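Structure data (PDB, C-alpha atoms) from data.pdb:
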```
MODEL        1
ATOM      1  CA  MET M   2    -171.127-192.869  25.476  1.00  0.00           C
ATOM      2  CA  ILE M   3    -171.744-189.505  23.821  1.00  0.00           C
ATOM      3  CA  SER M   4    -175.399-190.305  23.263  1.00  0.00           C
ATOM      4  CA  THR M   5    -175.812-191.322  26.914  1.00  0.00           C
ATOM      5  CA  LEU M   6    -174.104-188.141  28.078  1.00  0.00           C
ATOM      6  CA  VAL M   7    -176.295-185.963  25.835  1.00  0.00           C
ATOM      7  CA  ARG M   8    -179.507-187.666  26.938  1.00  0.00           C
ATOM      8  CA  THR M   9    -178.598-187.492  30.626  1.00  0.00           C
ATOM      9  CA  PHE M  10    -177.499-183.861  30.482  1.00  0.00           C
ATOM     10  CA  TYR M  11    -180.519-182.646  28.531  1.00  0.00           C
ATOM     11  CA  SER M  12    -182.979-184.613  30.652  1.00  0.00           C
ATOM     12  CA  ARG M  13    -181.689-182.514  33.550  1.00  0.00           C
ATOM     13  CA  VAL M  14    -181.877-179.343  31.455  1.00  0.00           C
ATOM     14  CA  ARG M  15    -185.495-180.098  30.534  1.00  0.00           C
ATOM     15  CA  ALA M  16    -186.402-180.519  34.212  1.00  0.00           C
ATOM     16  CA  ASP M  17    -184.636-177.319  35.272  1.00  0.00           C
ATOM     17  CA  GLU M  18    -186.988-174.484  36.281  1.00  0.00           C
ATOM     18  CA  LEU M  19    -184.939-171.819  34.458  1.00  0.00           C
ATOM     19  CA  LEU M  20    -183.734-173.687  31.379  1.00  0.00           C
ATOM     20  CA  GLY M  21    -186.574-176.138  30.820  1.00  0.00           C
ATOM     21  CA  PRO M  22    -189.117-173.582  29.561  1.00  0.00           C
ATOM     22  CA  VAL M  23    -186.666-172.157  27.006  1.00  0.00           C
ATOM     23  CA  PHE M  24    -186.264-175.603  25.465  1.00  0.00           C
ATOM     24  CA  ALA M  25    -189.913-176.621  25.852  1.00  0.00           C
ATOM     25  CA  GLU M  26    -191.073-173.645  23.792  1.00  0.00           C
ATOM     26  CA  ARG M  27    -188.817-174.509  20.873  1.00  0.00           C
ATOM     27  CA  ILE M  28    -188.245-178.237  20.650  1.00  0.00           C
ATOM     28  CA  ALA M  29    -191.154-180.426  19.650  1.00  0.00           C
ATOM     29  CA  ASP M  30    -189.213-183.502  18.528  1.00  0.00           C
ATOM     30  CA  TRP M  31    -186.694-184.366  21.229  1.00  0.00           C
ATOM     31  CA  GLU M  32    -185.518-187.537  19.485  1.00  0.00           C
ATOM     32  CA  ALA M  33    -184.455-185.499  16.448  1.00  0.00           C
ATOM     33  CA  HIS M  34    -182.830-182.927  18.712  1.00  0.00           C
ATOM     34  CA  PHE M  35    -180.945-185.644  20.591  1.00  0.00           C
ATOM     35  CA  ARG M  36    -179.579-186.936  17.296  1.00  0.00           C
ATOM     36  CA  LEU M  37    -178.486-183.425  16.307  1.00  0.00           C
ATOM     37  CA  LEU M  38    -176.846-182.798  19.686  1.00  0.00           C
ATOM     38  CA  THR M  39    -175.123-186.169  19.596  1.00  0.00           C
ATOM     39  CA  ASP M  40    -173.774-185.457  16.118  1.00  0.00           C
ATOM     40  CA  PHE M  41    -172.531-182.037  17.292  1.00  0.00           C
ATOM     41  CA  TRP M  42    -170.696-183.426  20.328  1.00  0.00           C
ATOM     42  CA  HIS M  43    -169.406-186.379  18.333  1.00  0.00           C
ATOM     43  CA  GLY M  44    -167.878-183.897  15.913  1.00  0.00           C
ATOM     44  CA  VAL M  45    -166.421-181.701  18.660  1.00  0.00           C
ATOM     45  CA  THR M  46    -164.890-184.533  20.654  1.00  0.00           C
ATOM     46  CA  LEU M  47    -163.931-187.000  17.933  1.00  0.00           C
ATOM     47  CA  LEU M  48    -163.644-184.691  14.899  1.00  0.00           C
ATOM     48  CA  SER M  49    -166.039-187.011  13.071  1.00  0.00           C
ATOM     49  CA  GLY M  50    -167.576-184.430  10.759  1.00  0.00           C
ATOM     50  CA  ARG M  51    -171.053-185.764  11.598  1.00  0.00           C
ATOM     51  CA  TYR M  52    -172.516-182.360  12.401  1.00  0.00           C
ATOM     52  CA  HIS M  53    -173.281-179.907   9.614  1.00  0.00           C
ATOM     53  CA  GLY M  54    -174.990-176.961  11.195  1.00  0.00           C
ATOM     54  CA  GLN M  55    -174.496-173.490  12.597  1.00  0.00           C
ATOM     55  CA  PRO M  56    -175.065-173.667  16.349  1.00  0.00           C
ATOM     56  CA  MET M  57    -174.300-170.023  17.015  1.00  0.00           C
ATOM     57  CA  ARG M  58    -176.905-168.848  14.525  1.00  0.00           C
ATOM     58  CA  ALA M  59    -179.556-171.103  16.051  1.00  0.00           C
ATOM     59  CA  HIS M  60    -178.850-169.882  19.580  1.00  0.00           C
ATOM     60  CA  LEU M  61    -178.713-166.160  18.793  1.00  0.00           C
ATOM     61  CA  ARG M  62    -182.509-166.081  18.453  1.00  0.00           C
ATOM     62  CA  LEU M  63    -183.123-167.516  21.900  1.00  0.00           C
ATOM     63  CA  PRO M  64    -184.304-165.363  24.815  1.00  0.00           C
ATOM     64  CA  ILE M  65    -181.334-166.254  26.978  1.00  0.00           C
ATOM     65  CA  GLU M  66    -179.202-164.201  29.302  1.00  0.00           C
ATOM     66  CA  GLY M  67    -176.026-164.736  31.268  1.00  0.00           C
ATOM     67  CA  ARG M  68    -177.947-166.448  34.061  1.00  0.00           C
ATOM     68  CA  HIS M  69    -179.169-169.097  31.590  1.00  0.00           C
ATOM     69  CA  PHE M  70    -175.666-169.760  30.365  1.00  0.00           C
ATOM     70  CA  ASP M  71    -174.338-169.919  33.923  1.00  0.00           C
ATOM     71  CA  ARG M  72    -176.968-172.511  34.838  1.00  0.00           C
ATOM     72  CA  TRP M  73    -176.333-174.519  31.661  1.00  0.00           C
ATOM     73  CA  LEU M  74    -172.635-174.715  32.523  1.00  0.00           C
TER
ENDMDL
END
```
Structure re-expressed in structure tokens:
Amino acid sequence: MISTLVRTFYSRVRADELLGPVFAERIADWEAHFRLLTDFWHGVTLLSGRYHGQPMRAHLRLPIEGRHFDRWL
């Protein structure tokens, strides 16, 4: 279910006129990114320990503003 949720949500993000370009410029391998996102949300929701990364560090470099975050939510 988590994988389906991640794929559905990010397919909408990729098609979004504001958010899509931010992702398109940075993610070449969406299958790998889907696996990473699924592991992250699996860890957050089920405390599985499957994700071993630093999401804040990765996102600090992005050219995003409050309007991007508002749309993402």
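Compared by their closest atoms to M:Ala25, and using all atoms listed in the file, the residues M:Tyr11, M:Asp71, M:Val45, M:Leu37 rank with M:Tyr11 nearest.
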Who sits within 12 Å of M:Glu32, only C-alpha atoms, same chain under 2 positions skipped, as a list in words: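 Contacts, in chain order: Ser4, Val7, Arg8, Tyr11, Ser12, Ile28, Ala29, Asp30, His34, Phe35, Arg36, Leu37, Leu38 and Thr39 of chain M.
Running the PyMOL selection byres ((chain M and resi 41) around 10) on this file leaves Ile3, Phe35, Arg36, Leu37, Leu38, Thr39, Asp40, Trp42, His43, Gly44, Val45, Thr46, Leu47, Leu48, Ser49, Gly50, Arg51, Tyr52, His53, Gly54, Gln55 and Pro56 of chain M selected.
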Suppose you want the space between atom CA of M:Thr5 and atom CA of M:Ala33; what is it in Å?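 Computing the Euclidean distance for atom CA of M:Thr5 and atom CA of M:Ala33 yields 14.8 Å.
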Quick one: residues within 10 Å of M:Val14, all atoms listed in the file counted, chain neighbours fewer than 6 positions away excluded, as a PyMOL selection string? chain M and resi 8+20-24+72-73
Which one is closest to M:Glu18: M:Met2, M:Trp31, M:His69, M:Pro64? Count only C-alpha atoms. M:His69
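Between atom CA of M:Arg62 and atom CA of M:Ala16 the interatomic distance comes to 21.7 Å.
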